[in-house]
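Q: Following this line is start.txt, made up of compact mmCIF, C-alpha atoms and all ligand atoms:
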```txt
# COMPACT_ATOMS: atom_id res chain seq x y z
CA MET S 1 1.52 -24.76 -24.95
CA SER S 2 2.53 -27.64 -22.73
CA CYS S 3 5.08 -25.35 -21.08
CA ASP S 4 2.35 -22.82 -20.25
CA LEU S 5 0.25 -25.56 -18.75
CA ILE S 6 3.05 -26.64 -16.46
CA ILE S 7 3.56 -23.08 -15.25
CA ILE S 8 -0.16 -22.62 -14.65
CA GLY S 9 -0.24 -25.96 -12.85
CA THR S 10 2.60 -24.91 -10.57
CA LEU S 11 0.93 -21.61 -9.71
CA LEU S 12 -2.31 -23.40 -8.97
CA THR S 13 -0.53 -25.81 -6.65
CA ALA S 14 1.06 -22.87 -4.85
CA PHE S 15 -2.34 -21.22 -4.37
CA ILE S 16 -3.92 -24.43 -3.10
CA ALA S 17 -1.06 -25.10 -0.72
CA CYS S 18 -1.34 -21.56 0.59
CA HIS S 19 -5.06 -21.73 1.09
CA SER S 20 -5.18 -25.07 2.82
CA VAL S 21 -4.24 -23.01 5.88
CA ILE S 22 -5.98 -19.86 4.62
CA CYS S 23 -2.96 -17.66 4.79
CA SER S 24 -3.46 -13.90 4.74
CA ALA S 25 -3.34 -11.74 1.63
CA ALA S 26 -0.34 -12.50 -0.51
CA LYS S 27 0.20 -8.88 -1.48
CA ASP S 28 -1.30 -5.45 -0.97
CA VAL S 29 -2.84 -4.40 -4.23
CA SER S 30 -3.94 -0.85 -4.85
CA PHE S 31 -7.51 0.02 -3.87
CA ASP S 32 -8.17 1.25 -7.43
CA GLU S 33 -7.48 -2.16 -8.91
CA ASN S 34 -10.68 -3.72 -7.56
CA TYR S 35 -12.64 -1.02 -5.74
CA ALA S 36 -14.13 2.46 -6.04
CA VAL S 37 -15.67 4.88 -3.53
CA THR S 38 -19.48 4.73 -3.64
CA TYR S 39 -20.46 7.65 -1.36
CA GLY S 40 -19.08 10.13 1.15
CA TYR S 41 -16.06 11.00 -1.04
CA ASP S 42 -14.91 13.72 1.38
CA HIS S 43 -15.04 11.18 4.24
CA VAL S 44 -12.56 8.84 2.53
CA LYS S 45 -8.83 9.21 2.98
CA PHE S 46 -5.97 7.12 1.57
CA LEU S 47 -3.18 6.63 4.05
CA ASN S 48 -0.32 5.95 1.70
CA GLN S 49 0.69 6.63 -1.86
CA GLY S 50 0.19 3.08 -3.07
CA LYS S 51 -3.45 3.26 -1.99
CA SER S 52 -3.05 0.01 -0.07
CA GLU S 53 -4.81 1.36 3.02
CA LEU S 54 -7.68 3.74 3.56
CA GLN S 55 -9.93 5.14 6.24
CA ILE S 56 -13.58 6.04 5.99
CA SER S 57 -15.31 8.13 8.60
CA LEU S 58 -18.67 9.12 9.99
CA ASP S 59 -19.69 12.48 11.41
CA GLN S 60 -23.02 14.27 11.64
CA SER S 61 -22.85 15.31 7.99
CA SER S 62 -22.09 11.94 6.37
CA GLY S 63 -20.75 8.41 6.48
CA ALA S 64 -18.88 6.80 3.60
CA GLY S 65 -18.57 3.60 1.63
CA PHE S 66 -16.82 1.78 -1.17
CA GLY S 67 -17.51 -1.21 -3.38
CA SER S 68 -15.98 -3.57 -5.88
CA LYS S 69 -16.03 -2.51 -9.51
CA VAL S 70 -17.51 -5.81 -10.63
CA LYS S 71 -19.83 -8.41 -9.13
CA TYR S 72 -18.77 -11.96 -8.33
CA GLY S 73 -20.46 -15.34 -8.64
CA SER S 74 -18.27 -17.18 -6.11
CA GLY S 75 -15.05 -16.54 -4.26
CA PHE S 76 -13.09 -16.16 -1.07
CA PHE S 77 -13.44 -12.52 -0.09
CA GLU S 78 -11.28 -10.97 2.55
CA MET S 79 -10.60 -7.57 4.00
CA SER S 80 -8.61 -6.33 6.98
CA LEU S 81 -10.37 -3.86 9.25
CA LYS S 82 -9.50 -1.81 12.29
CA LEU S 83 -12.60 -0.34 13.91
CA PRO S 84 -13.22 3.05 15.53
CA PRO S 85 -11.64 3.09 19.02
CA HIS S 86 -13.13 4.45 22.26
CA ASP S 87 -16.81 5.40 22.29
CA SER S 88 -18.37 4.19 19.04
CA ALA S 89 -21.89 3.45 20.31
CA GLY S 90 -24.46 3.48 17.53
CA VAL S 91 -21.83 3.36 14.80
CA VAL S 92 -22.10 0.48 12.32
CA THR S 93 -19.10 -0.60 10.25
CA THR S 94 -19.57 -3.16 7.48
CA PHE S 95 -17.86 -5.52 5.08
CA TYR S 96 -20.37 -7.46 2.99
CA LEU S 97 -21.57 -8.87 -0.30
CA HIS S 98 -24.83 -7.69 -1.89
CA SER S 99 -26.54 -8.56 -5.16
CA GLY S 100 -28.26 -5.17 -5.51
CA THR S 101 -31.40 -6.84 -6.86
CA ALA S 102 -35.03 -6.54 -5.66
CA ALA S 103 -35.11 -10.06 -4.13
CA HIS S 104 -31.54 -9.73 -3.01
CA ASP S 105 -28.80 -12.03 -1.79
CA GLU S 106 -26.52 -10.65 0.91
CA LEU S 107 -23.75 -11.87 3.22
CA ASP S 108 -22.89 -9.52 6.08
CA PHE S 109 -20.21 -8.70 8.56
CA GLU S 110 -21.62 -5.82 10.67
CA PHE S 111 -19.68 -4.38 13.59
CA LEU S 112 -21.91 -2.70 16.16
CA GLY S 113 -20.07 -0.03 18.10
CA ASN S 114 -20.34 0.48 21.83
CA ARG S 115 -19.55 2.89 24.66
CA GLU S 116 -15.93 3.17 25.74
CA GLY S 117 -14.92 0.07 27.70
CA LYS S 118 -17.80 -2.05 26.40
CA PRO S 119 -17.18 -4.63 23.69
CA ILE S 120 -18.01 -4.20 20.01
CA THR S 121 -20.48 -6.81 18.72
CA LEU S 122 -19.90 -8.65 15.46
CA GLN S 123 -23.15 -9.51 13.73
CA THR S 124 -23.38 -11.75 10.66
CA ASN S 125 -26.40 -12.34 8.48
CA VAL S 126 -27.36 -14.27 5.36
CA PHE S 127 -30.04 -13.18 2.88
CA SER S 128 -31.31 -15.23 -0.02
CA ASN S 129 -33.93 -13.93 -2.45
CA GLY S 130 -34.73 -11.05 -0.09
CA VAL S 131 -35.18 -13.30 2.95
CA GLY S 132 -32.82 -12.59 5.85
CA ASN S 133 -33.61 -12.66 9.57
CA ARG S 134 -30.69 -15.01 10.14
CA GLU S 135 -28.70 -12.91 12.58
CA GLN S 136 -25.89 -14.29 14.66
CA ARG S 137 -23.98 -12.09 17.10
CA MET S 138 -20.77 -12.53 19.05
CA ILE S 139 -18.22 -10.71 21.15
CA LEU S 140 -14.78 -11.30 19.66
CA TRP S 141 -11.88 -12.72 21.70
CA PHE S 142 -9.88 -9.57 20.98
CA ASP S 143 -10.56 -5.85 20.68
CA PRO S 144 -11.23 -5.26 16.95
CA SER S 145 -10.45 -1.56 17.32
CA ALA S 146 -6.91 -2.19 18.63
CA ASP S 147 -5.40 -3.79 15.52
CA TYR S 148 -6.14 -4.95 12.02
CA HIS S 149 -7.77 -8.37 11.74
CA SER S 150 -8.93 -10.09 8.59
CA TYR S 151 -12.55 -10.97 7.97
CA LYS S 152 -13.34 -13.46 5.23
CA ILE S 153 -16.30 -14.92 3.43
CA LEU S 154 -15.93 -18.18 1.54
CA TRP S 155 -18.77 -18.60 -0.95
CA ASN S 156 -19.05 -21.61 -3.19
CA HIS S 157 -21.98 -23.78 -4.25
CA HIS S 158 -21.63 -26.01 -1.17
CA GLN S 159 -21.15 -23.69 1.77
CA ILE S 160 -20.69 -20.15 2.95
CA VAL S 161 -18.20 -19.73 5.78
CA PHE S 162 -17.50 -16.54 7.70
CA PHE S 163 -13.98 -16.36 9.12
CA VAL S 164 -12.34 -14.06 11.65
CA ASP S 165 -8.64 -14.35 10.86
CA HIS S 166 -8.32 -18.12 10.26
CA ILE S 167 -11.16 -19.08 12.61
CA PRO S 168 -14.53 -20.08 11.12
CA ILE S 169 -17.25 -18.34 13.14
CA ARG S 170 -20.27 -19.24 11.06
CA ILE S 171 -21.33 -21.76 8.43
CA TYR S 172 -24.30 -21.62 6.08
CA LYS S 173 -24.59 -24.79 4.07
CA ASN S 174 -26.37 -25.16 0.77
CA ASN S 175 -29.70 -26.61 1.84
CA GLU S 176 -31.57 -26.01 -1.40
CA ALA S 177 -32.39 -29.75 -1.36
CA ILE S 178 -34.66 -29.14 1.67
CA GLY S 179 -36.09 -25.91 0.28
CA VAL S 180 -33.81 -23.36 2.00
CA GLY S 181 -32.68 -20.40 -0.10
CA TYR S 182 -29.00 -20.21 -0.97
CA PRO S 183 -27.26 -17.08 -2.34
CA SER S 184 -26.64 -17.64 -6.03
CA GLN S 185 -26.92 -14.21 -7.65
CA SER S 186 -23.79 -12.27 -8.51
CA MET S 187 -22.79 -9.98 -5.66
CA GLN S 188 -20.75 -6.81 -5.21
CA VAL S 189 -18.23 -6.56 -2.34
CA LEU S 190 -19.06 -3.52 -0.21
CA ALA S 191 -17.87 -1.69 2.91
CA SER S 192 -19.26 1.27 4.80
CA ILE S 193 -19.58 3.23 8.03
CA TRP S 194 -22.95 4.70 9.02
CA ASN S 195 -25.17 5.81 11.86
CA GLY S 196 -27.22 2.82 13.00
CA ASP S 197 -28.14 4.11 16.43
CA ASP S 198 -31.82 3.38 15.92
CA TRP S 199 -31.00 -0.35 16.38
CA ALA S 200 -27.31 -1.20 16.70
CA THR S 201 -26.41 -0.68 20.35
CA ASP S 202 -28.63 -1.99 23.18
CA GLY S 203 -31.44 -2.37 20.67
CA GLY S 204 -31.30 1.34 19.75
CA LYS S 205 -31.37 2.70 23.32
CA THR S 206 -27.71 3.79 23.28
CA LYS S 207 -27.14 6.65 20.83
CA VAL S 208 -24.16 8.06 18.99
CA ASN S 209 -22.33 10.68 21.07
CA TRP S 210 -21.41 13.14 18.32
CA SER S 211 -18.91 14.93 20.54
CA HIS S 212 -16.67 11.89 19.80
CA ALA S 213 -16.97 12.19 16.01
CA PRO S 214 -15.46 11.61 13.53
CA PHE S 215 -15.61 7.82 13.89
CA THR S 216 -13.02 6.22 11.66
CA THR S 217 -12.56 2.69 10.35
CA HIS S 218 -9.36 1.57 8.62
CA TYR S 219 -9.36 -0.92 5.75
CA LYS S 220 -6.62 -2.73 3.88
CA GLY S 221 -6.18 -5.87 1.78
CA PHE S 222 -7.84 -4.98 -1.52
CA ASN S 223 -6.96 -8.14 -3.41
CA VAL S 224 -9.99 -10.21 -4.45
CA TYR S 225 -10.17 -13.96 -5.07
CA GLY S 226 -13.45 -14.18 -6.94
CA CYS S 227 -15.18 -15.26 -10.10
CA GLY S 228 -15.75 -11.79 -11.53
CA SER S 229 -18.79 -11.15 -13.65
CA ILE S 230 -19.13 -7.90 -15.57
CA THR S 231 -22.36 -9.11 -17.15
CA ASN S 232 -23.84 -10.38 -13.84
CA HIS S 233 -23.93 -13.89 -15.27
CA VAL S 234 -22.65 -16.48 -12.86
CA GLU S 235 -22.55 -19.49 -15.17
CA GLY S 236 -19.18 -21.12 -14.82
CA CYS S 237 -18.51 -19.58 -11.38
CA SER S 238 -18.95 -22.98 -9.71
CA SER S 239 -16.15 -24.48 -11.79
CA THR S 240 -13.45 -26.28 -9.85
CA LYS S 241 -10.86 -24.41 -11.90
CA TYR S 242 -11.34 -21.81 -9.13
CA TRP S 243 -9.54 -23.09 -6.03
CA TRP S 244 -12.28 -21.99 -3.59
CA ASN S 245 -14.73 -24.33 -5.38
CA GLN S 246 -12.57 -27.41 -4.97
CA LYS S 247 -13.70 -30.29 -2.83
CA LYS S 248 -11.55 -29.41 0.17
CA PHE S 249 -13.62 -26.19 0.48
CA TRP S 250 -16.97 -28.00 0.51
CA GLU S 251 -16.77 -28.49 4.26
CA LEU S 252 -14.56 -27.51 7.17
CA ASN S 253 -11.40 -29.50 7.71
CA LYS S 254 -10.70 -31.15 11.05
CA VAL S 255 -8.70 -28.23 12.46
CA GLN S 256 -11.37 -25.73 11.41
CA GLU S 257 -14.08 -27.92 12.94
CA LYS S 258 -12.27 -27.80 16.25
CA HIS S 259 -11.87 -24.01 16.05
CA TYR S 260 -15.55 -23.68 15.17
CA LYS S 261 -16.51 -25.68 18.26
CA ASP S 262 -14.20 -23.61 20.43
CA ILE S 263 -15.60 -20.21 19.38
CA LYS S 264 -19.23 -21.21 20.16
CA LYS S 265 -18.80 -19.73 23.65
CA HIS S 266 -18.35 -16.27 22.13
CA ILE S 267 -21.72 -16.36 20.34
CA ASN S 268 -24.30 -14.50 22.39
CA TYR S 269 -27.17 -14.52 19.93
CA ASN S 270 -28.21 -17.05 17.33
CA TYR S 271 -31.52 -16.80 15.45
CA CYS S 272 -31.59 -20.60 15.46
CA SER S 273 -32.06 -20.68 19.21
CA ASP S 274 -34.37 -17.65 19.50
CA LYS S 275 -37.57 -19.41 20.49
CA SER S 276 -39.61 -16.19 20.59
CA ARG S 277 -38.86 -15.54 16.91
CA TYR S 278 -38.78 -19.14 15.79
CA PRO S 279 -40.72 -21.56 18.03
CA VAL S 280 -39.52 -24.19 15.56
CA PRO S 281 -35.95 -23.53 14.38
CA PRO S 282 -35.67 -22.88 10.61
CA PRO S 283 -34.77 -26.05 8.68
CA GLU S 284 -31.18 -24.98 7.90
CA CYS S 285 -30.31 -24.69 11.61
CA ALA S 286 -29.71 -28.41 12.11
CA THR S 287 -26.97 -28.59 9.50
CA ASN S 288 -25.18 -25.31 10.27
CA GLU S 289 -24.30 -26.02 13.89
C1 LIG S 301 -20.67 12.60 25.27
O1 LIG S 301 -19.29 12.77 25.42
C2 LIG S 301 -18.93 13.92 26.17
C3 LIG S 301 -17.41 14.06 26.10
O2 LIG S 301 -16.75 12.91 26.53
C4 LIG S 301 -19.44 13.76 27.60
O3 LIG S 301 -19.12 14.92 28.37
C5 LIG S 301 -20.95 13.56 27.56
O4 LIG S 301 -21.42 13.28 28.86
C6 LIG S 301 -21.31 12.40 26.63
N1 LIG S 301 -22.76 12.32 26.48
C7 LIG S 301 -23.41 11.20 26.71
C8 LIG S 301 -24.90 11.26 26.47
O5 LIG S 301 -22.89 10.17 27.10
```
Would you kindly transcribe this structure into structure tokens?

A:
Amino acid sequence: MSCDLIIIGTLLTAFIACHSVICSAAKDVSFDENYAVTYGYDHVKFLNQGKSELQISLDQSSGAGFGSKVKYGSGFFEMSLKLPPHDSAGVVTTFYLHSGTAAHDELDFEFLGNREGKPITLQTNVFSNGVGNREQRMILWFDPSADYHSYKILWNHHQIVFFVDHIPIRIYKNNEAIGVGYPSQSMQVLASIWNGDDWATDGGKTKVNWSHAPFTTHYKGFNVYGCGSITNHVEGCSSTKYWWNQKKFWELNKVQEKHYKDIKKHINYNYCSDKSRYPVPPPECATNE
């Protein structure tokens, strides 16, 4: 018994050490371990025998998607994506969490495609109890269709942080104390590619050019660090026995704070500063800057 505890303690220390710098996925687990295809089966292709990498594609007949087999009540979710190259205007690629309930919770990475030579936009959003309208958009400091990059969502009871590689690009703090909704329902991890040309590019004015189909996104990194919940109950998912709930993950560290300041220049839309939508910024805006 005491021997087991020491071993567990050592493993835990290794994990914590690793994640103080948020290192990338320790190993490539098989897709089947944590995920299953949800739609567009004939638009999904595994790229190697170990099922550690796959592509999903969109053409005029269908898009495709996949999702985690269980829901989670907290965690540090990451996925590596390589987006459709060249002209992908109107094409939306996603990696997100969704509760699947009527008054739903949702945390989104949405990549909005663009014409050849024009940059892809990364949009993030946060829904709590069915209330969203918290869009933030940015142009990344690299071309996300050229290589794999990792996109991560930290979700604990204190904060939600969106990361691009190791850089925090957005924070959503728990402001329940001042009446702001905070995602707390169990959520499924999801990914998809679909036609969003009624809104995604230039506000819907720039359409998909189907002569460039199929549009293909690559995914890898199917390991999940999460508090899994088969029964959808999230009690216990805030426990500090999960490393992502520990105090050091309640706020950004000094290095992350500096990165977060530095990437502000890449943000080209923030609902918090959209005076036409919100003459008075929503209450959470002050603490998430
Ligand atoms: C769609 O792509 C084709 C092939 O590159 C091009 O000839 C055509 O002009 C494009 N259509 C639009 C509306 O951009």

Q: Would you please work out which residue, of S:Ala213, S:Ile178, S:Leu97, S:Ala102, is nearest to His43 (chain S) when using only C-alpha atoms?

A: S:Ala213

Q: Residues within 12 Å of ligand LIG 301 (chain S) should be enumerated using only C-alpha atoms and all ligand atoms and returned as a ChimeraX atom specification.

A: /S:86-90,114-116,205-213

Q: Would you pick out the contacts of Tyr260 (chain S) at 7 Å or less, using only C-alpha atoms, so that residues sharing its chain but fewer than 4 positions from it are not included, and give the list as a count of residues only?

A: 5

Q: To one decimal place, how far is CA of Gly228 (chain S) from CA of Phe76 (chain S) in Å?

A: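 Between CA of Gly228 (chain S) and CA of Phe76 (chain S) the gap is 11.6 Å.
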
Q: May I ask for the distance between CA of Gln136 (chain S) and CA of Ser57 (chain S), given in Å to one decimal place?

A: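 Distance between the two atoms: 25.5 Å.
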
Q: List the neighbours of region 225-227 of chain S out to 7 Å using all atoms listed in the file; skip same-chain residues closer than 5 positions along the sequence, and give me the result as a list of chain:residue names.

A: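 My list of contacting residues is S:Tyr72, S:Gly73, S:Ser74, S:Gly75, S:Phe76, S:Phe77, S:Cys237.
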
Q: Using CA of Gly130 (chain S) and CA of Val180 (chain S) as the two end points, give the distance in Å to one decimal.

A: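 So the two atoms, CA of Gly130 (chain S) and CA of Val180 (chain S), lie 12.5 Å apart.
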
Q: Quick one: residues within 8 Å of Asp165 (chain S), only C-alpha atoms counted, chain neighbours fewer than 4 positions away excluded, as a VMD selection string?

A: chain S and resid 149 to 152

Q: Which neighbours of Val189 (chain S) fall inside 6 Å, counting all atoms listed in the file, when residues of the same chain fewer than 6 positions from it are skipped, and could you give them as a PyMOL selection string?

A: chain S and resi 67-68+96-97

Q: Nearest to Tyr148 (chain S): which of S:Ala191, S:Val131, S:Leu122, S:Met79 is it, counting only C-alpha atoms?

A: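 Nearest candidate to Tyr148 (chain S) out of S:Ala191, S:Val131, S:Leu122, S:Met79: S:Met79.
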
Q: Show which residues sit within 6 Å of Asn174 (chain S), as a list in words. Count only C-alpha atoms, and ignore same-chain residues fewer than 6 positions away.

A: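 These residues fall inside the cut-off: His158, Gln159 and Tyr182 of chain S.
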
Q: Using all atoms listed in the file - which residues lie no farther than 9 Å from the point (-20.7, -19.2, 4.8) in the file's frame? Write them as a list in words.

A: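 Every polymer residue passing the test: Leu107, Val126, Ile153, Leu154, Trp155, Asn156, Gln159, Ile160, Val161, Phe162, Phe163, Pro168, Arg170, Ile171, Tyr172 and Lys173 of chain S.
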
Q: Counting all atoms listed in the file, figure out which residue out of S:Glu78, S:Glu135, S:Asp202, S:Glu106 gets nearest to His166 (chain S).

A: S:Glu78
